[in-house]
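File shown: input_38.txt (compact mmCIF, C-alpha atoms).
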```txt
# COMPACT_ATOMS: atom_id res chain seq x y z
CA MET A 1 18.74 -6.02 51.84
CA GLN A 2 17.92 -3.05 49.66
CA GLN A 3 19.16 -4.65 46.42
CA PRO A 4 16.84 -7.72 46.37
CA ALA A 5 13.93 -5.53 47.43
CA HIS A 6 14.53 -3.32 44.40
CA THR A 7 14.61 -6.32 42.05
CA THR A 8 11.31 -7.65 43.32
CA ALA A 9 9.81 -4.21 42.96
CA THR A 10 10.70 -4.05 39.24
CA THR A 11 9.52 -7.57 38.45
CA HIS A 12 6.29 -7.41 40.38
CA ALA A 13 5.26 -3.88 39.57
CA PRO A 14 6.35 -3.29 35.96
CA HIS A 15 6.51 0.37 35.15
CA LYS A 16 7.24 2.28 31.99
CA GLY A 17 10.63 1.58 30.42
CA ALA A 18 11.45 -1.52 32.41
CA GLY A 19 12.30 -4.55 30.30
CA PHE A 20 12.16 -5.07 26.55
CA PRO A 21 8.59 -4.05 25.57
CA PRO A 22 7.99 -6.58 22.76
CA PHE A 23 8.84 -9.44 25.14
CA LYS A 24 6.40 -8.44 27.86
CA THR A 25 4.22 -11.52 27.80
CA GLU A 26 1.43 -9.91 29.81
CA THR A 27 0.56 -7.83 26.73
CA PHE A 28 0.35 -10.87 24.44
CA PRO A 29 -3.31 -11.88 25.02
CA GLY A 30 -4.51 -8.34 24.34
CA GLN A 31 -2.30 -8.02 21.25
CA ILE A 32 -3.51 -11.32 19.81
CA PHE A 33 -7.13 -10.53 20.68
CA TRP A 34 -7.13 -7.22 18.84
CA LEU A 35 -5.00 -8.58 16.02
CA ALA A 36 -7.57 -11.34 15.47
CA ILE A 37 -10.46 -8.87 15.40
CA THR A 38 -8.80 -6.37 13.07
CA PHE A 39 -7.20 -8.99 10.81
CA VAL A 40 -10.45 -10.91 10.35
CA PHE A 41 -12.27 -7.65 9.69
CA LEU A 42 -9.74 -6.68 7.02
CA PHE A 43 -9.89 -10.19 5.57
CA VAL A 44 -13.66 -10.05 5.22
CA VAL A 45 -13.56 -6.56 3.69
CA LEU A 46 -10.88 -7.48 1.16
CA TRP A 47 -12.45 -10.85 0.40
CA ARG A 48 -16.04 -9.71 0.05
CA VAL A 49 -15.88 -6.05 -0.93
CA ALA A 50 -12.55 -4.62 -2.04
CA GLY A 51 -11.20 -7.67 -3.86
CA PRO A 52 -14.24 -8.25 -6.10
CA ARG A 53 -14.52 -4.50 -6.64
CA ILE A 54 -10.92 -4.07 -7.80
CA GLY A 55 -10.96 -7.33 -9.75
CA GLY A 56 -14.23 -6.31 -11.38
CA ALA A 57 -12.84 -2.92 -12.36
CA ILE A 58 -9.74 -4.53 -13.88
CA ALA A 59 -11.78 -7.19 -15.69
CA MET A 60 -14.21 -4.57 -16.99
CA ARG A 61 -11.40 -2.45 -18.35
CA LYS A 62 -9.83 -5.49 -19.99
CA ASP A 63 -13.18 -6.42 -21.57
CA LYS A 64 -13.74 -2.86 -22.72
CA ILE A 65 -10.29 -2.66 -24.28
CA ALA A 66 -10.73 -6.06 -25.93
CA SER A 67 -14.17 -5.17 -27.31
CA ASP A 68 -12.90 -1.77 -28.50
CA LEU A 69 -10.00 -3.47 -30.23
CA GLY A 70 -12.47 -5.93 -31.79
CA ALA A 71 -14.68 -3.08 -32.97
CA ALA A 72 -11.68 -1.25 -34.39
CA GLU A 73 -10.63 -4.42 -36.19
CA ALA A 74 -14.17 -4.82 -37.62
CA HIS A 75 -14.14 -1.19 -38.79
CA ARG A 76 -10.78 -1.70 -40.38
CA LYS A 77 -12.08 -4.74 -42.26
CA GLU A 78 -15.12 -2.74 -43.38
CA ALA A 79 -12.90 0.06 -44.61
CA ASP A 80 -10.71 -2.44 -46.44
CA ALA A 81 -13.76 -3.99 -48.11
CA ALA A 82 -15.05 -0.56 -49.13
CA SER A 83 -11.67 0.34 -50.53
CA ALA A 84 -11.54 -2.93 -52.48
CA ALA A 85 -15.06 -2.35 -53.83
CA TYR A 86 -14.06 1.15 -54.89
CA ASP A 87 -10.97 -0.23 -56.65
CA THR A 88 -12.97 -2.82 -58.59
CA ALA A 89 -15.62 -0.24 -59.53
CA LEU A 90 -12.92 2.11 -60.69
CA ALA A 91 -11.25 -0.62 -62.75
CA ALA A 92 -14.60 -1.59 -64.33
CA ALA A 93 -15.38 2.02 -65.20
CA ARG A 94 -11.94 2.42 -66.69
CA ALA A 95 -12.37 -0.71 -68.81
CA ARG A 96 -15.79 0.45 -70.00
CA SER A 97 -14.48 3.86 -70.94
CA ARG A 98 -11.58 2.25 -72.79
CA ALA A 99 -13.98 0.00 -74.70
CA MET A 100 -16.17 2.95 -75.64
CA ASP A 101 -13.11 4.87 -76.70
CA ASP A 102 -11.94 2.01 -78.92
CA GLU A 103 -15.38 1.62 -80.48
CA ASN A 104 -15.64 5.32 -81.28
CA ARG A 105 -12.22 5.38 -82.79
CA LYS A 106 -13.02 2.35 -84.93
CA ARG A 107 -16.28 3.86 -86.15
CA ILE A 108 -14.60 7.12 -87.07
CA ASN A 109 -11.79 5.31 -88.83
CA ASP A 110 -14.32 3.26 -90.81
CA GLU A 111 -16.18 6.40 -91.83
CA ILE A 112 -12.96 8.01 -92.90
CA GLU A 113 -12.01 4.89 -94.88
CA ARG A 114 -15.40 4.80 -96.61
CA ALA A 115 -15.26 8.49 -97.52
CA LYS A 116 -11.73 8.09 -98.77
CA ALA A 117 -12.66 5.09 -100.92
CA LYS A 118 -15.66 6.95 -102.39
CA ALA A 119 -13.58 10.01 -103.15
CA GLU A 120 -10.92 7.86 -104.77
CA ALA A 121 -13.47 6.06 -106.93
CA GLU A 122 -14.96 9.38 -108.04
CA ALA A 123 -11.53 10.77 -108.85
CA HIS A 124 -10.74 7.60 -110.77
CA ASP A 125 -13.92 7.87 -112.84
CA ALA A 126 -13.24 11.54 -113.61
CA MET A 127 -9.70 10.70 -114.62
CA ALA A 128 -10.87 7.88 -116.92
CA LYS A 129 -13.42 10.21 -118.51
CA ALA A 130 -10.77 12.87 -119.03
CA ASP A 131 -8.40 10.29 -120.52
CA ALA A 132 -11.10 9.18 -122.96
CA GLY A 133 -11.77 12.81 -123.96
CA ILE A 134 -8.07 13.41 -124.48
CA ALA A 135 -7.78 10.26 -126.61
CA ALA A 136 -10.78 11.34 -128.72
CA SER A 137 -9.38 14.82 -129.21
CA ARG A 138 -6.03 13.37 -130.13
CA SER A 139 -7.44 10.99 -132.77
CA GLU A 140 -9.60 13.80 -134.11
CA ALA A 141 -6.56 16.07 -134.34
CA LYS A 142 -4.64 13.28 -135.96
CA GLY A 143 -7.38 13.01 -138.58
CA HIS A 144 -7.25 16.73 -139.22
CA VAL A 145 -3.45 16.62 -139.56
CA LEU A 146 -3.68 13.77 -142.13
CA GLN A 147 -6.34 15.67 -144.10
CA ALA A 148 -4.15 18.78 -144.05
CA ALA A 149 -1.09 16.77 -145.11
CA GLN A 150 -3.16 15.14 -147.90
CA ASP A 151 -4.36 18.47 -149.14
CA ALA A 152 -0.93 20.00 -148.84
CA ALA A 153 0.60 17.04 -150.68
CA ALA A 154 -1.97 17.26 -153.50
CA GLN A 155 -1.38 20.98 -153.93
CA ILE A 156 2.39 20.63 -153.80
CA VAL A 157 2.25 18.00 -156.55
CA ALA A 158 -0.11 20.09 -158.61
CA ARG A 159 2.16 23.09 -158.30
CA LEU A 160 5.28 21.22 -159.18
CA THR A 161 3.99 18.98 -161.92
CA GLY A 162 0.65 20.35 -162.81
CA ASP A 163 -0.85 16.92 -162.45
CA LYS A 164 -4.02 16.50 -160.59
CA VAL A 165 -3.59 14.03 -157.78
CA SER A 166 -6.67 12.22 -156.64
CA PRO A 167 -7.40 12.45 -153.03
CA GLU A 168 -7.06 8.66 -152.70
CA GLU A 169 -3.50 8.74 -154.09
CA ALA A 170 -2.59 11.63 -151.78
CA ALA A 171 -4.02 9.82 -148.82
CA ALA A 172 -2.09 6.65 -149.70
CA ALA A 173 1.11 8.66 -150.01
CA VAL A 174 0.56 10.40 -146.71
CA ARG A 175 -0.24 7.09 -145.08
CA ALA A 176 2.97 5.64 -146.52
CA VAL A 177 5.03 8.45 -144.99
CA ALA A 178 3.15 8.77 -141.69
CA GLY A 179 2.68 5.00 -141.25
CA SER A 180 6.42 4.29 -141.52
CA MET B 1 15.01 9.23 25.60
CA ASN B 2 14.81 5.50 25.82
CA PRO B 3 14.72 4.22 22.21
CA MET B 4 12.62 1.26 23.40
CA GLU B 5 9.90 3.50 24.76
CA GLN B 6 8.24 3.71 21.35
CA PHE B 7 7.49 -0.02 21.56
CA GLU B 8 5.66 0.30 24.88
CA ILE B 9 2.06 -0.74 24.86
CA HIS B 10 -0.20 1.25 27.15
CA PRO B 11 -3.88 0.69 27.67
CA ILE B 12 -6.31 3.33 26.54
CA VAL B 13 -9.54 1.58 27.54
CA PRO B 14 -8.94 -1.16 30.17
CA LEU B 15 -10.80 -4.36 29.37
CA HIS B 16 -10.61 -7.84 30.91
CA ILE B 17 -12.21 -10.94 29.46
CA GLY B 18 -11.96 -14.30 31.22
CA GLY B 19 -9.05 -13.23 33.37
CA TYR B 20 -7.07 -11.98 30.38
CA ASP B 21 -6.05 -8.37 29.94
CA VAL B 22 -7.42 -7.42 26.53
CA SER B 23 -7.42 -3.67 27.08
CA PHE B 24 -7.80 -1.44 24.08
CA THR B 25 -4.25 -0.12 23.76
CA ASN B 26 -2.29 2.27 21.58
CA GLN B 27 -1.43 -0.78 19.50
CA SER B 28 -5.09 -1.78 19.17
CA LEU B 29 -5.84 1.76 18.05
CA LEU B 30 -3.16 1.59 15.36
CA MET B 31 -4.41 -1.79 14.19
CA CYS B 32 -7.90 -0.31 13.88
CA ILE B 33 -6.49 2.66 11.96
CA VAL B 34 -4.51 0.33 9.69
CA VAL B 35 -7.56 -1.78 8.92
CA ALA B 36 -9.83 1.24 8.47
CA ALA B 37 -7.32 3.02 6.20
CA ALA B 38 -6.73 -0.10 4.11
CA SER B 39 -10.43 -0.92 3.84
CA LEU B 40 -11.46 2.60 2.92
CA PHE B 41 -8.60 3.09 0.50
CA LEU B 42 -9.10 -0.19 -1.35
CA THR B 43 -12.88 0.22 -1.46
CA LEU B 44 -13.57 3.90 -2.04
CA SER B 45 -10.78 4.56 -4.51
CA VAL B 46 -12.17 2.01 -6.95
CA SER B 47 -15.02 2.74 -9.30
CA LYS B 48 -16.12 0.29 -11.95
CA ASN B 49 -17.40 3.04 -14.20
CA ARG B 50 -14.04 4.65 -14.55
CA LEU B 51 -12.29 3.50 -17.69
CA VAL B 52 -9.15 5.49 -16.96
CA PRO B 53 -8.40 4.93 -13.27
CA SER B 54 -7.63 7.76 -10.89
CA ARG B 55 -4.28 7.76 -9.14
CA ALA B 56 -5.71 6.15 -6.04
CA GLN B 57 -7.51 3.52 -8.09
CA SER B 58 -4.29 2.84 -10.02
CA MET B 59 -2.52 2.18 -6.74
CA ALA B 60 -5.30 -0.10 -5.50
CA GLU B 61 -5.30 -2.02 -8.79
CA MET B 62 -1.53 -2.18 -8.77
CA SER B 63 -1.46 -3.73 -5.31
CA TYR B 64 -4.19 -6.17 -6.35
CA GLU B 65 -2.37 -7.26 -9.49
CA PHE B 66 0.96 -7.29 -7.67
CA VAL B 67 -0.33 -9.84 -5.19
CA ALA B 68 -2.21 -11.80 -7.85
CA ASN B 69 0.92 -12.06 -10.00
CA MET B 70 3.00 -12.95 -6.96
CA ILE B 71 0.70 -15.84 -6.09
CA GLN B 72 0.52 -17.04 -9.66
CA SER B 73 4.28 -17.06 -10.14
CA ALA B 74 5.09 -18.61 -6.75
CA ALA B 75 2.16 -21.01 -6.21
CA GLY B 76 0.68 -21.49 -9.67
CA HIS B 77 -2.83 -20.87 -10.87
CA ASP B 78 -4.61 -22.89 -8.17
CA GLY B 79 -2.80 -20.77 -5.57
CA LEU B 80 -5.22 -17.98 -6.51
CA LYS B 81 -7.79 -19.60 -4.20
CA PHE B 82 -5.75 -18.08 -1.39
CA PHE B 83 -5.73 -14.62 -2.93
CA PRO B 84 -7.92 -13.00 -0.24
CA PHE B 85 -5.71 -14.42 2.51
CA VAL B 86 -2.37 -13.42 0.95
CA PHE B 87 -3.77 -10.04 -0.11
CA THR B 88 -4.95 -9.38 3.45
CA LEU B 89 -1.57 -10.40 4.90
CA PHE B 90 0.29 -8.19 2.45
CA ILE B 91 -1.98 -5.17 2.92
CA PHE B 92 -2.06 -5.54 6.71
CA VAL B 93 1.73 -5.75 7.02
CA LEU B 94 2.30 -3.03 4.40
CA PHE B 95 -0.08 -0.55 6.02
CA SER B 96 1.21 -1.37 9.51
CA ASN B 97 4.79 -0.78 8.37
CA PHE B 98 4.01 2.46 6.56
CA LEU B 99 1.70 3.94 9.18
CA GLY B 100 4.24 3.01 11.85
CA LEU B 101 6.75 5.29 10.14
CA ILE B 102 4.64 8.35 10.88
CA PRO B 103 6.36 10.07 13.83
CA GLY B 104 4.46 9.57 17.06
CA SER B 105 2.47 6.60 15.84
CA PHE B 106 3.01 2.97 16.79
CA THR B 107 4.41 0.14 14.69
CA VAL B 108 2.10 -2.84 14.99
CA THR B 109 4.59 -5.15 13.27
CA SER B 110 7.36 -4.31 15.71
CA GLN B 111 5.67 -6.66 18.21
CA ILE B 112 6.74 -10.29 18.08
CA ALA B 113 3.30 -11.33 19.33
CA VAL B 114 1.72 -9.85 16.19
CA THR B 115 4.25 -11.13 13.68
CA PHE B 116 4.35 -14.57 15.25
CA SER B 117 0.56 -14.79 15.26
CA LEU B 118 0.51 -13.91 11.56
CA ALA B 119 3.24 -16.47 10.84
CA ALA B 120 1.37 -19.08 12.86
CA VAL B 121 -1.77 -18.46 10.83
CA VAL B 122 0.29 -18.93 7.65
CA ILE B 123 1.84 -22.20 8.85
CA LEU B 124 -1.52 -23.50 10.11
CA THR B 125 -3.05 -22.73 6.74
CA VAL B 126 -0.18 -24.56 5.03
CA LEU B 127 -0.63 -27.60 7.31
CA ILE B 128 -4.41 -27.71 6.84
CA VAL B 129 -4.17 -27.28 3.05
CA GLY B 130 -1.34 -29.80 2.82
CA PHE B 131 -3.06 -32.56 4.79
CA ALA B 132 -6.46 -31.85 3.22
CA ARG B 133 -5.01 -32.14 -0.25
CA HIS B 134 -2.47 -34.93 0.11
CA GLY B 135 -3.52 -36.67 3.32
CA LEU B 136 -0.55 -38.35 4.97
CA GLY B 137 1.24 -37.98 1.63
CA PHE B 138 1.93 -34.43 2.74
CA LEU B 139 4.63 -35.93 4.98
CA LYS B 140 6.58 -36.67 1.79
CA LEU B 141 7.46 -32.98 2.02
CA PHE B 142 10.05 -34.04 4.60
CA VAL B 143 11.51 -36.78 2.41
CA PRO B 144 13.58 -35.40 -0.45
CA LYS B 145 14.69 -37.64 -3.33
CA ALA B 146 17.97 -39.02 -2.00
CA PRO B 147 19.69 -42.32 -1.09
CA ILE B 148 18.23 -44.00 2.03
CA LEU B 149 21.35 -43.44 4.13
CA LEU B 150 21.32 -39.73 3.38
CA LEU B 151 17.65 -39.58 4.30
CA LEU B 152 18.57 -40.40 7.90
CA LEU B 153 20.28 -37.06 7.90
CA LEU B 154 18.02 -35.13 5.53
CA VAL B 155 14.63 -35.91 7.05
CA PRO B 156 15.46 -34.37 10.45
CA ILE B 157 16.91 -31.34 8.68
CA GLU B 158 13.75 -30.94 6.60
CA ILE B 159 11.58 -31.26 9.70
CA ILE B 160 13.64 -28.74 11.63
CA SER B 161 13.62 -26.31 8.71
CA PHE B 162 9.84 -26.65 8.50
CA LEU B 163 9.44 -26.08 12.22
CA THR B 164 11.63 -23.00 12.18
CA ARG B 165 9.57 -21.40 9.41
CA PRO B 166 7.10 -19.62 11.69
CA ILE B 167 10.03 -18.35 13.76
CA SER B 168 12.07 -17.08 10.80
CA LEU B 169 8.99 -15.63 9.15
CA SER B 170 7.93 -13.70 12.24
CA VAL B 171 11.37 -12.72 13.55
CA ARG B 172 12.45 -11.37 10.15
CA LEU B 173 9.59 -8.86 10.07
CA PHE B 174 9.71 -8.07 13.78
CA ALA B 175 13.48 -7.54 13.87
CA ASN B 176 13.52 -5.38 10.74
CA MET B 177 10.86 -3.06 12.09
CA LEU B 178 12.34 -2.98 15.57
CA ALA B 179 15.86 -2.26 14.35
CA GLY B 180 14.82 0.45 11.92
CA HIS B 181 12.69 2.31 14.41
CA THR B 182 15.30 1.98 17.14
CA MET B 183 17.94 3.39 14.84
CA LEU B 184 15.73 6.35 13.94
CA GLN B 185 15.09 7.02 17.62
CA VAL B 186 18.79 6.79 18.50
CA PHE B 187 19.76 9.28 15.82
CA ALA B 188 16.89 11.56 16.83
CA GLY B 189 18.35 11.40 20.36
CA PHE B 190 21.72 12.50 18.99
CA VAL B 191 20.10 15.51 17.35
CA ILE B 192 18.59 16.59 20.66
CA LEU B 193 21.75 15.91 22.65
CA LEU B 194 23.98 17.82 20.22
CA GLY B 195 21.48 20.61 19.81
CA GLY B 196 21.29 21.09 23.54
CA ALA B 197 25.08 21.01 24.00
CA GLY B 198 25.48 24.52 22.62
CA GLY B 199 28.22 26.10 20.51
CA VAL B 200 29.85 24.14 17.71
CA LEU B 201 28.08 20.95 18.78
CA SER B 202 24.68 22.55 18.16
CA VAL B 203 25.70 23.23 14.59
CA LEU B 204 26.90 19.63 14.27
CA SER B 205 23.45 18.34 15.19
CA ILE B 206 22.52 18.85 11.52
CA ALA B 207 24.60 15.74 10.65
CA PRO B 208 22.43 13.14 12.43
CA MET B 209 19.42 15.03 11.12
CA PHE B 210 20.48 14.24 7.54
CA LEU B 211 21.16 10.67 8.60
CA ILE B 212 17.59 10.42 9.89
CA VAL B 213 16.30 11.55 6.50
CA ALA B 214 18.45 8.92 4.79
CA ILE B 215 17.40 6.16 7.21
CA MET B 216 13.78 7.20 6.80
CA LEU B 217 14.06 6.62 3.06
CA LEU B 218 15.67 3.26 3.72
CA GLU B 219 12.89 2.40 6.17
CA LEU B 220 10.27 3.22 3.54
CA LEU B 221 11.96 0.65 1.33
CA VAL B 222 12.21 -1.86 4.17
CA ALA B 223 8.54 -1.32 5.03
CA PHE B 224 7.51 -2.34 1.53
CA LEU B 225 10.16 -5.03 1.17
CA GLN B 226 9.24 -6.82 4.41
CA ALA B 227 5.57 -6.85 3.48
CA TYR B 228 6.57 -8.29 0.11
CA VAL B 229 8.88 -10.89 1.68
CA PHE B 230 6.19 -11.95 4.12
CA ALA B 231 3.65 -12.36 1.32
CA ILE B 232 5.98 -14.14 -1.12
CA LEU B 233 7.17 -16.59 1.55
CA THR B 234 3.53 -17.32 2.32
CA CYS B 235 3.03 -18.04 -1.38
CA ILE B 236 6.07 -20.33 -1.48
CA TYR B 237 4.90 -22.28 1.57
CA LEU B 238 1.39 -22.54 0.10
CA ASN B 239 2.92 -23.80 -3.13
CA GLU B 240 4.58 -26.65 -1.22
CA ALA B 241 1.30 -27.48 0.47
CA LEU B 242 -0.47 -27.49 -2.89
CA HIS B 243 2.14 -29.24 -5.04
CA LEU B 244 4.65 -30.77 -2.56
CA HIS B 245 8.18 -30.46 -3.89
CA ASP B 246 7.90 -31.46 -7.51
CA HIS B 247 6.30 -28.84 -9.67
CA HIS B 248 4.03 -25.85 -10.02
```
Show the structure stored in the file as structure tokens.
Amino acid sequence: MQQPAHTTATTHAPHKGAGFPPFKTETFPGQIFWLAITFVFLFVVLWRVAGPRIGGAIAMRKDKIASDLGAAEAHRKEADAASAAYDTALAAARARSRAMDDENRKRINDEIERAKAKAEAEAHDAMAKADAGIAASRSEAKGHVLQAAQDAAAQIVARLTGDKVSPEEAAAAVRAVAGS
Amino acid sequence: MNPMEQFEIHPIVPLHIGGYDVSFTNQSLLMCIVVAAASLFLTLSVSKNRLVPSRAQSMAEMSYEFVANMIQSAAGHDGLKFFPFVFTLFIFVLFSNFLGLIPGSFTVTSQIAVTFSLAAVVILTVLIVGFARHGLGFLKLFVPKAPILLLLLLVPIEIISFLTRPISLSVRLFANMLAGHTMLQVFAGFVILLGGAGGVLSVLSIAPMFLIVAIMLLELLVAFLQAYVFAILTCIYLNEALHLHDHH
């Protein structure tokens, strides 16, 4: 009689530790009730507050990074353009300086050429004048030599033969000897 | 030292509504703590003005993107409509599992009533979405592409597998939590028994202590993994409701 009485006692008056707690159906309504309240609360918070907040923060960071990357790209393009402009300016300046250089060199060369030509012409004239002087002196000297030979010939003939030789004859004789 | 004692629900504030016992219990308290902790953490840690997130904000964003990516890979882009629902499920289960691991607290997800209710909400959502989107065409879910004769066999199998989903979904989470916590309690009991035995046995009590540490680490993994499994299965079921069998 004691055994069945004990069984009824445990089933009708559940106390701590009796039975498998998760399968105690009398706790189910309370569990589901509070689960519904807390779950719906969490759902509303995540749906309306936390979700948009986190999503917004992520989206904002993505936008910021994208816009920063865009700005960096724009700056890079600007820098490239500036560098290209500098290169072209440098090349133009170089070309101009080269042109000026060439022009100067040409002008100097021309001046040198002109001076040289003038100096040469002057030297040529002086030389021609000197040549003419020399030729005149030479013909003059030649004349003197003929005169001397004529005189000498006339005197030699006079000494040897005692004949007087006319200057014309002496000159013809000298010419005959010197002209041969 | 009954290892099942930790799963006992005792009322803190008795409350009865319409003949039902809906007392505020230790479990209700933990659910409130879970929801409060999750809400505060995911709200207060996040600031829009912070370009480089703090550690807490990183974690909040990581969980957000984790769930978003999970939905997108399992249920496609239009699955993102259900982001708040899946995110809530994931966070609720994750926080319940983790907070339950604190010694002396209570594991909300170790109660079949809780896990089954969550699973039922998932399946109801799937049914509502499926019928709203495809009408009676949603029933094609139970008819795979196969010869007619095979269908006689396959259709009942598909129906049974669909009907067992809420059970498998809820029992998986419930059983994992229950088993892990029971194991921890049993080994903790060994420590006390050996420690109280005196002599060499007291020294030996260090062995189950190390085991508890190891199991605790495993349970941390299980806590995350089960929350993940619950969420990803929800995504897979939602994908079927959205796209039937064929594609993403």
> Would you list which chain B residues are within 6 Å of chain A using all atoms listed in the file, as a PyMOL selection string?
Replying inline: chain B and resi 7-8+21-22+28+35+42-43+48+84+88+111+113
Please save C-alpha atoms of the selected residues as an mmCIF file, keeping the file's coordinate frame.
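Now in out-v4.cif:
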```cif
data_model
loop_
_atom_site.group_PDB
_atom_site.id
_atom_site.type_symbol
_atom_site.label_atom_id
_atom_site.label_comp_id
_atom_site.auth_asym_id
_atom_site.auth_seq_id
_atom_site.Cartn_x
_atom_site.Cartn_y
_atom_site.Cartn_z
ATOM 1 C CA PHE B 7 7.490 -0.020 21.560
ATOM 2 C CA GLU B 8 5.660 0.300 24.880
ATOM 3 C CA ASP B 21 -6.050 -8.370 29.940
ATOM 4 C CA VAL B 22 -7.420 -7.420 26.530
ATOM 5 C CA SER B 28 -5.090 -1.780 19.170
ATOM 6 C CA VAL B 35 -7.560 -1.780 8.920
ATOM 7 C CA LEU B 42 -9.100 -0.190 -1.350
ATOM 8 C CA THR B 43 -12.880 0.220 -1.460
ATOM 9 C CA LYS B 48 -16.120 0.290 -11.950
ATOM 10 C CA PRO B 84 -7.920 -13.000 -0.240
ATOM 11 C CA THR B 88 -4.950 -9.380 3.450
ATOM 12 C CA GLN B 111 5.670 -6.660 18.210
ATOM 13 C CA ALA B 113 3.300 -11.330 19.330
#
```
> Could you work out how far CA of Leu118 (chain B) lies from CA of Val171 (chain B), giving the answer in Å with one decimal?
Replying inline: 11.1 Å
> List as a list in words: which residues have an atom within 12 Å of (-1.2, 18.5, -150.7), counting only C-alpha atoms?
Replying inline: Val145, Leu146, Gln147, Ala148, Ala149, Gln150, Asp151, Ala152, Ala153, Ala154, Gln155, Ile156, Val157, Ala158, Arg159, Leu160, Asp163, Lys164, Val165, Ser166, Pro167, Glu168, Glu169, Ala170, Ala171, Ala172, Ala173 and Val174 of chain A
Save out the residues we just selected, C-alpha atoms, as a PDB file, in the frame of the given file.
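Wrote part-v7.pdb, looks like this:
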```
ATOM      1  CA  VAL A 145      -3.450  16.620-139.560  1.00  0.00           C
ATOM      2  CA  LEU A 146      -3.680  13.770-142.130  1.00  0.00           C
ATOM      3  CA  GLN A 147      -6.340  15.670-144.100  1.00  0.00           C
ATOM      4  CA  ALA A 148      -4.150  18.780-144.050  1.00  0.00           C
ATOM      5  CA  ALA A 149      -1.090  16.770-145.110  1.00  0.00           C
ATOM      6  CA  GLN A 150      -3.160  15.140-147.900  1.00  0.00           C
ATOM      7  CA  ASP A 151      -4.360  18.470-149.140  1.00  0.00           C
ATOM      8  CA  ALA A 152      -0.930  20.000-148.840  1.00  0.00           C
ATOM      9  CA  ALA A 153       0.600  17.040-150.680  1.00  0.00           C
ATOM     10  CA  ALA A 154      -1.970  17.260-153.500  1.00  0.00           C
ATOM     11  CA  GLN A 155      -1.380  20.980-153.930  1.00  0.00           C
ATOM     12  CA  ILE A 156       2.390  20.630-153.800  1.00  0.00           C
ATOM     13  CA  VAL A 157       2.250  18.000-156.550  1.00  0.00           C
ATOM     14  CA  ALA A 158      -0.110  20.090-158.610  1.00  0.00           C
ATOM     15  CA  ARG A 159       2.160  23.090-158.300  1.00  0.00           C
ATOM     16  CA  LEU A 160       5.280  21.220-159.180  1.00  0.00           C
ATOM     17  CA  ASP A 163      -0.850  16.920-162.450  1.00  0.00           C
ATOM     18  CA  LYS A 164      -4.020  16.500-160.590  1.00  0.00           C
ATOM     19  CA  VAL A 165      -3.590  14.030-157.780  1.00  0.00           C
ATOM     20  CA  SER A 166      -6.670  12.220-156.640  1.00  0.00           C
ATOM     21  CA  PRO A 167      -7.400  12.450-153.030  1.00  0.00           C
ATOM     22  CA  GLU A 168      -7.060   8.660-152.700  1.00  0.00           C
ATOM     23  CA  GLU A 169      -3.500   8.740-154.090  1.00  0.00           C
ATOM     24  CA  ALA A 170      -2.590  11.630-151.780  1.00  0.00           C
ATOM     25  CA  ALA A 171      -4.020   9.820-148.820  1.00  0.00           C
ATOM     26  CA  ALA A 172      -2.090   6.650-149.700  1.00  0.00           C
ATOM     27  CA  ALA A 173       1.110   8.660-150.010  1.00  0.00           C
ATOM     28  CA  VAL A 174       0.560  10.400-146.710  1.00  0.00           C
TER      29      VAL A 174
END
```
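Residue neighbourhood of Glu219 (chain B), excluding near-sequence residues (fewer than 2 positions): Asn97, Phe98, Leu101, Met177, Gly180, His181, Ala214, Ile215, Met216, Leu217, Leu221, Val222, Ala223 and Phe224 of chain B, at 9 Å, using only C-alpha atoms.
CA of Tyr228 (chain B) is found 23.6 Å from CA of Leu44 (chain B).
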